[in-house]
Amino acid sequence: MTEKGFAVQGLGEIAIRCIDFDAMITFYRDVIGLAPFNDPRGGDIAFFRISEGVAGHTAVLALFRHDIAAAGGVEAAKVPPRTGPASSLHHLALSLPWAEQDAVIAWYERLKQPYNIQRFDWVGWRGIFTQDPDGNTVELVAKDPQWRP
């Protein structure tokens with residue numbers, strides 16, 4: 001605990017305004033493999049479980065149609081958001097065990113999903129990067145258990 005009386009302990013939610021809502025649902029469910037947390041059929045918002053989270057709040061990925069108002073007073077947008085270099089979002093990183101990274105590569109190869117691999121030797125991480133249908137960069141990252149500083 002700090003003098004301010006609280007300390008962030010995990011990620012609660014990542015929320016993305018979608019250009020192609022249905023394609024994004026398909027990608028995060030069928031390519032990345034996140035389990036739906038709600039039934040997105042016919043809705044404006046889809047939630048996917050990332051992990052257990054902290055103190056009972058499941059860590060989730062929320063996909064919103066860009067043209068609806070959302071929680072926290074976020075207004076609807078008439079124009080779809082910009083992605084890639086024009087976006088303030090650089091990338092989204094999801095963690096998985098090191099031993100599963102070869103399976104990610106094999107899965108992407110099977111799907112013909114474009115990807116690239118980058119090592120971050122200063123911390124022992126390896127990221128496998130791809131793009132979702134809206135053009136956001138998605139990284140599946142793991143730490144090499146053999147890495148030593």
# chains A, B, ... in the order shown; residues from 1 in each chain; ligands from 1
$ select_by_dssp --residues "chain A" --states "strand (DSSP E or B)" --output "PyMOL selection string"
chain A and resi 13-18+35-36+45-54+57-65+70+74+92-95+116-120+125-131+137-143
$ closest_atom_pairs --of "segment 42-111 of chain A" --to "segment 16-30 of chain A" --cutoff "8 Å" --atoms "only C-alpha atoms" --output "JSON lines"
{"residue": "A:Ala46", "atom": "CA", "partner": "A:Ile25", "partner_atom": "CA", "distance": 7.2}
{"residue": "A:Phe48", "atom": "CA", "partner": "A:Arg29", "partner_atom": "CA", "distance": 7.8}
{"residue": "A:Leu61", "atom": "CA", "partner": "A:Ile16", "partner_atom": "CA", "distance": 7.8}
{"residue": "A:Ala62", "atom": "CA", "partner": "A:Ile16", "partner_atom": "CA", "distance": 6.3}
{"residue": "A:Leu63", "atom": "CA", "partner": "A:Ile16", "partner_atom": "CA", "distance": 5.1}
{"residue": "A:Phe64", "atom": "CA", "partner": "A:Arg17", "partner_atom": "CA", "distance": 4.9}
{"residue": "A:Arg65", "atom": "CA", "partner": "A:Cys18", "partner_atom": "CA", "distance": 5.1}
{"residue": "A:His66", "atom": "CA", "partner": "A:Arg17", "partner_atom": "CA", "distance": 4.6}
{"residue": "A:Pro80", "atom": "CA", "partner": "A:Ile19", "partner_atom": "CA", "distance": 5.5}
{"residue": "A:Pro81", "atom": "CA", "partner": "A:Ile19", "partner_atom": "CA", "distance": 6.9}
$ write_last_selection --atoms "all heavy atoms" --output "short mmCIF file (atom, residue, chain, number, x, y, z; two decimals), in the first residue's frame"
data_model
loop_
_atom_site.label_atom_id
_atom_site.label_comp_id
_atom_site.auth_asym_id
_atom_site.auth_seq_id
_atom_site.Cartn_x
_atom_site.Cartn_y
_atom_site.Cartn_z
N ALA A 46 -19.49 -6.62 -26.84
CA ALA A 46 -19.08 -8.00 -26.59
C ALA A 46 -17.95 -7.99 -25.56
O ALA A 46 -17.04 -7.16 -25.64
CB ALA A 46 -18.59 -8.65 -27.89
N PHE A 48 -15.00 -10.38 -23.60
CA PHE A 48 -14.22 -11.61 -23.64
C PHE A 48 -13.37 -11.69 -22.40
O PHE A 48 -12.74 -10.72 -22.00
CB PHE A 48 -13.32 -11.63 -24.88
CG PHE A 48 -14.09 -11.75 -26.16
CD1 PHE A 48 -14.52 -10.62 -26.83
CD2 PHE A 48 -14.40 -12.99 -26.68
CE1 PHE A 48 -15.25 -10.73 -28.01
CE2 PHE A 48 -15.12 -13.11 -27.85
CZ PHE A 48 -15.55 -11.97 -28.52
N LEU A 61 -11.70 -8.12 -22.23
CA LEU A 61 -11.59 -7.30 -23.43
C LEU A 61 -13.02 -6.97 -23.82
O LEU A 61 -13.85 -7.87 -23.98
CB LEU A 61 -10.91 -8.06 -24.56
CG LEU A 61 -10.98 -7.39 -25.94
CD1 LEU A 61 -10.15 -6.11 -25.96
CD2 LEU A 61 -10.53 -8.35 -27.02
N ALA A 62 -13.33 -5.70 -23.93
CA ALA A 62 -14.67 -5.25 -24.32
C ALA A 62 -14.59 -4.66 -25.72
O ALA A 62 -13.74 -3.82 -26.00
CB ALA A 62 -15.21 -4.21 -23.35
N LEU A 63 -15.47 -5.13 -26.59
CA LEU A 63 -15.56 -4.59 -27.94
C LEU A 63 -16.88 -3.85 -28.05
O LEU A 63 -17.94 -4.40 -27.73
CB LEU A 63 -15.51 -5.72 -28.98
CG LEU A 63 -14.28 -6.63 -28.93
CD1 LEU A 63 -14.41 -7.74 -29.96
CD2 LEU A 63 -13.01 -5.83 -29.14
N PHE A 64 -16.83 -2.59 -28.47
CA PHE A 64 -18.00 -1.74 -28.61
C PHE A 64 -18.15 -1.33 -30.06
O PHE A 64 -17.14 -1.03 -30.71
CB PHE A 64 -17.84 -0.44 -27.80
CG PHE A 64 -17.79 -0.62 -26.32
CD1 PHE A 64 -16.66 -1.08 -25.69
CD2 PHE A 64 -18.90 -0.30 -25.56
CE1 PHE A 64 -16.62 -1.22 -24.31
CE2 PHE A 64 -18.86 -0.43 -24.19
CZ PHE A 64 -17.72 -0.90 -23.56
N ARG A 65 -19.37 -1.27 -30.55
CA ARG A 65 -19.57 -0.60 -31.83
C ARG A 65 -19.17 0.86 -31.61
O ARG A 65 -19.50 1.46 -30.59
CB ARG A 65 -21.03 -0.69 -32.25
CG ARG A 65 -21.40 -2.06 -32.77
CD ARG A 65 -22.78 -2.11 -33.38
NE ARG A 65 -23.25 -0.82 -33.81
CZ ARG A 65 -24.54 -0.45 -33.78
NH1 ARG A 65 -25.46 -1.27 -33.35
NH2 ARG A 65 -24.89 0.74 -34.20
N HIS A 66 -18.49 1.44 -32.57
CA HIS A 66 -17.99 2.81 -32.39
C HIS A 66 -19.11 3.84 -32.32
O HIS A 66 -18.93 4.94 -31.79
CB HIS A 66 -17.01 3.19 -33.52
CG HIS A 66 -17.68 3.47 -34.82
ND1 HIS A 66 -17.97 2.47 -35.72
CD2 HIS A 66 -18.12 4.63 -35.37
CE1 HIS A 66 -18.56 3.01 -36.77
NE2 HIS A 66 -18.66 4.31 -36.60
N PRO A 80 -15.85 6.33 -37.73
CA PRO A 80 -15.06 5.24 -37.14
C PRO A 80 -13.70 5.74 -36.66
O PRO A 80 -13.13 6.69 -37.22
CB PRO A 80 -14.88 4.25 -38.31
CG PRO A 80 -16.01 4.55 -39.23
CD PRO A 80 -16.26 6.03 -39.10
N PRO A 81 -13.15 5.12 -35.63
CA PRO A 81 -11.86 5.55 -35.09
C PRO A 81 -10.72 5.26 -36.07
O PRO A 81 -10.85 4.42 -36.96
CB PRO A 81 -11.70 4.70 -33.83
CG PRO A 81 -12.55 3.51 -34.07
CD PRO A 81 -13.69 3.97 -34.92
#
$ closest_atom_pairs --of "segment 17-98 of chain A" --to "segment 140-147 of chain A" --cutoff "8 Å" --atoms "only C-alpha atoms" --output "tab-separated table"
residue	atom	partner	partner_atom	distance
A:Ala93	CA	A:Leu140	CA	5.8
A:Leu94	CA	A:Leu140	CA	5.0
A:Ser95	CA	A:Val141	CA	4.9
A:Leu96	CA	A:Ala142	CA	5.5
A:Pro97	CA	A:Ala142	CA	5.6
A:Trp98	CA	A:Ala142	CA	4.9
$ write_last_selection --atoms "N, CA, C and O atoms" --output "PDB file, in the first residue's frame"
ATOM      1  N   ALA A  93      -1.232  -5.956 -25.628  1.00  0.00           N
ATOM      2  CA  ALA A  93      -0.418  -7.140 -25.340  1.00  0.00           C
ATOM      3  C   ALA A  93      -1.160  -8.044 -24.363  1.00  0.00           C
ATOM      4  O   ALA A  93      -1.651  -7.590 -23.338  1.00  0.00           O
ATOM      5  N   LEU A  94      -1.238  -9.316 -24.709  1.00  0.00           N
ATOM      6  CA  LEU A  94      -1.852 -10.325 -23.860  1.00  0.00           C
ATOM      7  C   LEU A  94      -0.782 -11.354 -23.516  1.00  0.00           C
ATOM      8  O   LEU A  94      -0.014 -11.775 -24.391  1.00  0.00           O
ATOM      9  N   SER A  95      -0.728 -11.752 -22.252  1.00  0.00           N
ATOM     10  CA  SER A  95       0.308 -12.671 -21.780  1.00  0.00           C
ATOM     11  C   SER A  95      -0.133 -14.119 -21.884  1.00  0.00           C
ATOM     12  O   SER A  95      -1.312 -14.430 -21.732  1.00  0.00           O
ATOM     13  N   LEU A  96       0.843 -14.970 -22.122  1.00  0.00           N
ATOM     14  CA  LEU A  96       0.619 -16.409 -22.099  1.00  0.00           C
ATOM     15  C   LEU A  96       1.925 -17.068 -21.703  1.00  0.00           C
ATOM     16  O   LEU A  96       2.974 -16.428 -21.715  1.00  0.00           O
ATOM     17  N   PRO A  97       1.905 -18.360 -21.356  1.00  0.00           N
ATOM     18  CA  PRO A  97       3.147 -19.040 -20.976  1.00  0.00           C
ATOM     19  C   PRO A  97       4.107 -19.185 -22.163  1.00  0.00           C
ATOM     20  O   PRO A  97       3.682 -19.364 -23.306  1.00  0.00           O
ATOM     21  N   TRP A  98       5.383 -19.137 -21.864  1.00  0.00           N
ATOM     22  CA  TRP A  98       6.441 -19.282 -22.862  1.00  0.00           C
ATOM     23  C   TRP A  98       6.253 -20.562 -23.672  1.00  0.00           C
ATOM     24  O   TRP A  98       6.404 -20.573 -24.890  1.00  0.00           O
TER      25      TRP A  98
END
$ atom_distance --atom1 "atom CA of Trp125 of chain A" --atom2 "atom CA of Ala103 of chain A"
16.4 Å
$ residues_around --residues "segment 115-121 of chain A" --least-positions-apart "4" --cutoff "9 Å" --atoms "only C-alpha atoms" --output "PyMOL selection string"
chain A and resi 105+108-109+125-131+147
$ write_last_selection --atoms "all heavy atoms" --output "mmCIF file, in the first residue's frame"
data_model
loop_
_atom_site.group_PDB
_atom_site.id
_atom_site.type_symbol
_atom_site.label_atom_id
_atom_site.label_comp_id
_atom_site.auth_asym_id
_atom_site.auth_seq_id
_atom_site.Cartn_x
_atom_site.Cartn_y
_atom_site.Cartn_z
ATOM 1 N N ILE A 105 2.510 -19.637 -32.984
ATOM 2 C CA ILE A 105 3.126 -19.548 -34.312
ATOM 3 C C ILE A 105 2.510 -20.584 -35.250
ATOM 4 O O ILE A 105 2.137 -20.264 -36.386
ATOM 5 C CB ILE A 105 4.656 -19.699 -34.209
ATOM 6 C CG1 ILE A 105 5.239 -18.506 -33.440
ATOM 7 C CG2 ILE A 105 5.291 -19.854 -35.586
ATOM 8 C CD1 ILE A 105 6.670 -18.698 -32.972
ATOM 9 N N TYR A 108 -1.104 -19.481 -36.124
ATOM 10 C CA TYR A 108 -1.105 -18.391 -37.103
ATOM 11 C C TYR A 108 -0.715 -18.902 -38.484
ATOM 12 O O TYR A 108 -1.281 -18.485 -39.491
ATOM 13 C CB TYR A 108 -0.171 -17.266 -36.671
ATOM 14 C CG TYR A 108 -0.683 -16.384 -35.549
ATOM 15 C CD1 TYR A 108 0.117 -15.393 -35.015
ATOM 16 C CD2 TYR A 108 -1.967 -16.521 -35.013
ATOM 17 C CE1 TYR A 108 -0.323 -14.563 -33.997
ATOM 18 C CE2 TYR A 108 -2.409 -15.706 -33.993
ATOM 19 C CZ TYR A 108 -1.587 -14.724 -33.488
ATOM 20 O OH TYR A 108 -2.022 -13.900 -32.481
ATOM 21 N N GLU A 109 0.274 -19.798 -38.552
ATOM 22 C CA GLU A 109 0.681 -20.381 -39.838
ATOM 23 C C GLU A 109 -0.494 -21.132 -40.457
ATOM 24 O O GLU A 109 -0.759 -20.996 -41.649
ATOM 25 C CB GLU A 109 1.871 -21.330 -39.649
ATOM 26 C CG GLU A 109 3.164 -20.646 -39.261
ATOM 27 C CD GLU A 109 3.850 -19.938 -40.417
ATOM 28 O OE1 GLU A 109 3.605 -20.294 -41.584
ATOM 29 O OE2 GLU A 109 4.642 -19.015 -40.139
ATOM 30 N N TRP A 125 11.600 -11.126 -22.672
ATOM 31 C CA TRP A 125 10.281 -11.321 -23.283
ATOM 32 C C TRP A 125 10.407 -11.605 -24.770
ATOM 33 O O TRP A 125 11.339 -11.147 -25.428
ATOM 34 C CB TRP A 125 9.411 -10.087 -23.130
ATOM 35 C CG TRP A 125 9.089 -9.685 -21.728
ATOM 36 C CD1 TRP A 125 9.260 -10.412 -20.581
ATOM 37 C CD2 TRP A 125 8.571 -8.430 -21.320
ATOM 38 N NE1 TRP A 125 8.872 -9.693 -19.491
ATOM 39 C CE2 TRP A 125 8.441 -8.459 -19.904
ATOM 40 C CE3 TRP A 125 8.207 -7.278 -21.985
ATOM 41 C CZ2 TRP A 125 7.947 -7.383 -19.173
ATOM 42 C CZ3 TRP A 125 7.707 -6.207 -21.260
ATOM 43 C CH2 TRP A 125 7.582 -6.266 -19.868
ATOM 44 N N ARG A 126 9.429 -12.334 -25.287
ATOM 45 C CA ARG A 126 9.295 -12.519 -26.727
ATOM 46 C C ARG A 126 7.837 -12.241 -27.070
ATOM 47 O O ARG A 126 6.922 -12.795 -26.463
ATOM 48 C CB ARG A 126 9.676 -13.933 -27.133
ATOM 49 C CG ARG A 126 9.518 -14.172 -28.646
ATOM 50 C CD ARG A 126 10.016 -15.530 -29.071
ATOM 51 N NE ARG A 126 9.185 -16.581 -28.503
ATOM 52 C CZ ARG A 126 9.455 -17.870 -28.621
ATOM 53 N NH1 ARG A 126 10.545 -18.276 -29.255
ATOM 54 N NH2 ARG A 126 8.659 -18.766 -28.094
ATOM 55 N N GLY A 127 7.631 -11.382 -28.054
ATOM 56 C CA GLY A 127 6.286 -11.036 -28.483
ATOM 57 C C GLY A 127 6.013 -11.532 -29.885
ATOM 58 O O GLY A 127 6.866 -11.443 -30.760
ATOM 59 N N ILE A 128 4.807 -12.059 -30.069
ATOM 60 C CA ILE A 128 4.348 -12.452 -31.399
ATOM 61 C C ILE A 128 3.255 -11.453 -31.761
ATOM 62 O O ILE A 128 2.211 -11.403 -31.115
ATOM 63 C CB ILE A 128 3.806 -13.894 -31.401
ATOM 64 C CG1 ILE A 128 4.882 -14.852 -30.887
ATOM 65 C CG2 ILE A 128 3.347 -14.269 -32.810
ATOM 66 C CD1 ILE A 128 4.378 -16.247 -30.618
ATOM 67 N N PHE A 129 3.520 -10.646 -32.777
ATOM 68 C CA PHE A 129 2.648 -9.534 -33.144
ATOM 69 C C PHE A 129 1.822 -9.865 -34.386
ATOM 70 O O PHE A 129 2.326 -10.449 -35.339
ATOM 71 C CB PHE A 129 3.485 -8.288 -33.436
ATOM 72 C CG PHE A 129 4.176 -7.712 -32.237
ATOM 73 C CD1 PHE A 129 5.403 -8.207 -31.824
ATOM 74 C CD2 PHE A 129 3.607 -6.671 -31.521
ATOM 75 C CE1 PHE A 129 6.049 -7.678 -30.712
ATOM 76 C CE2 PHE A 129 4.247 -6.132 -30.410
ATOM 77 C CZ PHE A 129 5.466 -6.634 -30.008
ATOM 78 N N THR A 130 0.563 -9.450 -34.383
ATOM 79 C CA THR A 130 -0.318 -9.555 -35.533
ATOM 80 C C THR A 130 -1.257 -8.348 -35.506
ATOM 81 O O THR A 130 -1.112 -7.480 -34.645
ATOM 82 C CB THR A 130 -1.087 -10.896 -35.534
ATOM 83 O OG1 THR A 130 -1.705 -11.078 -36.803
ATOM 84 C CG2 THR A 130 -2.128 -10.966 -34.422
ATOM 85 N N GLN A 131 -2.188 -8.294 -36.426
ATOM 86 C CA GLN A 131 -3.179 -7.212 -36.431
ATOM 87 C C GLN A 131 -4.573 -7.788 -36.439
ATOM 88 O O GLN A 131 -4.833 -8.808 -37.088
ATOM 89 C CB GLN A 131 -2.994 -6.298 -37.640
ATOM 90 C CG GLN A 131 -1.769 -5.424 -37.514
ATOM 91 C CD GLN A 131 -1.775 -4.293 -38.515
ATOM 92 O OE1 GLN A 131 -2.366 -4.379 -39.578
ATOM 93 N NE2 GLN A 131 -1.100 -3.226 -38.165
ATOM 94 N N TRP A 147 15.592 -16.944 -18.859
ATOM 95 C CA TRP A 147 16.234 -15.622 -18.905
ATOM 96 C C TRP A 147 16.764 -15.239 -17.534
ATOM 97 O O TRP A 147 16.114 -15.451 -16.503
ATOM 98 C CB TRP A 147 15.225 -14.579 -19.374
ATOM 99 C CG TRP A 147 15.824 -13.205 -19.472
ATOM 100 C CD1 TRP A 147 16.528 -12.685 -20.501
ATOM 101 C CD2 TRP A 147 15.760 -12.178 -18.478
ATOM 102 N NE1 TRP A 147 16.915 -11.394 -20.232
ATOM 103 C CE2 TRP A 147 16.460 -11.063 -18.976
ATOM 104 C CE3 TRP A 147 15.203 -12.086 -17.199
ATOM 105 C CZ2 TRP A 147 16.601 -9.887 -18.263
ATOM 106 C CZ3 TRP A 147 15.340 -10.908 -16.483
ATOM 107 C CH2 TRP A 147 16.029 -9.828 -17.025
#
$ decode --residues "segment 51-125 of chain A" --atoms "C-alpha atoms" --output "PDB file, in the first residue's frame"
ATOM      1  CA  SER A  51      -8.047 -13.852 -16.930  1.00  0.00           C
ATOM      2  CA  GLU A  52      -9.295 -14.090 -13.356  1.00  0.00           C
ATOM      3  CA  GLY A  53      -8.252 -10.543 -12.548  1.00  0.00           C
ATOM      4  CA  VAL A  54      -8.122  -9.017  -9.063  1.00  0.00           C
ATOM      5  CA  ALA A  55     -10.553  -9.284  -6.146  1.00  0.00           C
ATOM      6  CA  GLY A  56     -13.379 -10.852  -8.123  1.00  0.00           C
ATOM      7  CA  HIS A  57     -13.275  -8.546 -11.165  1.00  0.00           C
ATOM      8  CA  THR A  58     -12.541 -10.655 -14.230  1.00  0.00           C
ATOM      9  CA  ALA A  59     -10.046  -9.037 -16.607  1.00  0.00           C
ATOM     10  CA  VAL A  60     -11.909  -8.563 -19.893  1.00  0.00           C
ATOM     11  CA  LEU A  61     -11.594  -7.296 -23.430  1.00  0.00           C
ATOM     12  CA  ALA A  62     -14.673  -5.255 -24.323  1.00  0.00           C
ATOM     13  CA  LEU A  63     -15.561  -4.589 -27.942  1.00  0.00           C
ATOM     14  CA  PHE A  64     -18.001  -1.738 -28.609  1.00  0.00           C
ATOM     15  CA  ARG A  65     -19.566  -0.596 -31.830  1.00  0.00           C
ATOM     16  CA  HIS A  66     -17.991   2.813 -32.390  1.00  0.00           C
ATOM     17  CA  ASP A  67     -21.377   4.483 -32.905  1.00  0.00           C
ATOM     18  CA  ILE A  68     -22.871   3.795 -29.451  1.00  0.00           C
ATOM     19  CA  ALA A  69     -22.399   5.577 -26.124  1.00  0.00           C
ATOM     20  CA  ALA A  70     -20.565   3.491 -23.537  1.00  0.00           C
ATOM     21  CA  ALA A  71     -19.839   3.271 -19.812  1.00  0.00           C
ATOM     22  CA  GLY A  72     -17.981   6.112 -18.166  1.00  0.00           C
ATOM     23  CA  GLY A  73     -19.763   8.770 -20.197  1.00  0.00           C
ATOM     24  CA  VAL A  74     -17.970   7.849 -23.418  1.00  0.00           C
ATOM     25  CA  GLU A  75     -19.914   9.376 -26.279  1.00  0.00           C
ATOM     26  CA  ALA A  76     -20.818   7.651 -29.526  1.00  0.00           C
ATOM     27  CA  ALA A  77     -18.668   8.498 -32.527  1.00  0.00           C
ATOM     28  CA  LYS A  78     -20.178   9.319 -35.899  1.00  0.00           C
ATOM     29  CA  VAL A  79     -16.919   8.545 -37.669  1.00  0.00           C
ATOM     30  CA  PRO A  80     -15.056   5.238 -37.144  1.00  0.00           C
ATOM     31  CA  PRO A  81     -11.858   5.546 -35.094  1.00  0.00           C
ATOM     32  CA  ARG A  82      -8.423   5.699 -36.681  1.00  0.00           C
ATOM     33  CA  THR A  83      -6.072   2.783 -36.116  1.00  0.00           C
ATOM     34  CA  GLY A  84      -2.443   2.037 -36.826  1.00  0.00           C
ATOM     35  CA  PRO A  85       0.034   4.943 -36.719  1.00  0.00           C
ATOM     36  CA  ALA A  86      -2.810   7.503 -36.542  1.00  0.00           C
ATOM     37  CA  SER A  87      -4.183   6.001 -33.307  1.00  0.00           C
ATOM     38  CA  SER A  88      -3.086   6.803 -29.770  1.00  0.00           C
ATOM     39  CA  LEU A  89      -3.149   3.028 -29.113  1.00  0.00           C
ATOM     40  CA  HIS A  90       0.261   1.580 -29.950  1.00  0.00           C
ATOM     41  CA  HIS A  91      -0.642  -2.062 -29.336  1.00  0.00           C
ATOM     42  CA  LEU A  92      -2.502  -4.449 -27.083  1.00  0.00           C
ATOM     43  CA  ALA A  93      -0.418  -7.140 -25.340  1.00  0.00           C
ATOM     44  CA  LEU A  94      -1.852 -10.325 -23.860  1.00  0.00           C
ATOM     45  CA  SER A  95       0.308 -12.671 -21.780  1.00  0.00           C
ATOM     46  CA  LEU A  96       0.619 -16.409 -22.099  1.00  0.00           C
ATOM     47  CA  PRO A  97       3.147 -19.040 -20.976  1.00  0.00           C
ATOM     48  CA  TRP A  98       6.441 -19.282 -22.862  1.00  0.00           C
ATOM     49  CA  ALA A  99       5.750 -22.941 -23.659  1.00  0.00           C
ATOM     50  CA  GLU A 100       2.642 -21.952 -25.645  1.00  0.00           C
ATOM     51  CA  GLN A 101       4.333 -19.506 -28.002  1.00  0.00           C
ATOM     52  CA  ASP A 102       5.275 -22.214 -30.500  1.00  0.00           C
ATOM     53  CA  ALA A 103       1.591 -23.180 -30.602  1.00  0.00           C
ATOM     54  CA  VAL A 104       0.694 -19.552 -31.390  1.00  0.00           C
ATOM     55  CA  ILE A 105       3.126 -19.548 -34.312  1.00  0.00           C
ATOM     56  CA  ALA A 106       1.781 -22.864 -35.602  1.00  0.00           C
ATOM     57  CA  TRP A 107      -1.829 -21.620 -35.225  1.00  0.00           C
ATOM     58  CA  TYR A 108      -1.105 -18.391 -37.103  1.00  0.00           C
ATOM     59  CA  GLU A 109       0.681 -20.381 -39.838  1.00  0.00           C
ATOM     60  CA  ARG A 110      -2.328 -22.703 -40.145  1.00  0.00           C
ATOM     61  CA  LEU A 111      -4.713 -19.734 -40.412  1.00  0.00           C
ATOM     62  CA  LYS A 112      -2.327 -17.832 -42.692  1.00  0.00           C
ATOM     63  CA  GLN A 113      -2.535 -15.005 -40.137  1.00  0.00           C
ATOM     64  CA  PRO A 114       0.355 -12.584 -40.766  1.00  0.00           C
ATOM     65  CA  TYR A 115       2.650 -12.120 -37.760  1.00  0.00           C
ATOM     66  CA  ASN A 116       6.131 -11.116 -36.719  1.00  0.00           C
ATOM     67  CA  ILE A 117       8.244 -11.979 -33.713  1.00  0.00           C
ATOM     68  CA  GLN A 118      10.262  -9.576 -31.615  1.00  0.00           C
ATOM     69  CA  ARG A 119      12.559 -10.339 -28.697  1.00  0.00           C
ATOM     70  CA  PHE A 120      13.075  -7.930 -25.825  1.00  0.00           C
ATOM     71  CA  ASP A 121      16.367  -9.281 -24.485  1.00  0.00           C
ATOM     72  CA  TRP A 122      16.685  -6.686 -21.736  1.00  0.00           C
ATOM     73  CA  VAL A 123      13.700  -8.331 -19.892  1.00  0.00           C
ATOM     74  CA  GLY A 124      13.587 -11.800 -21.457  1.00  0.00           C
ATOM     75  CA  TRP A 125      10.281 -11.321 -23.283  1.00  0.00           C
TER      76      TRP A 125
END
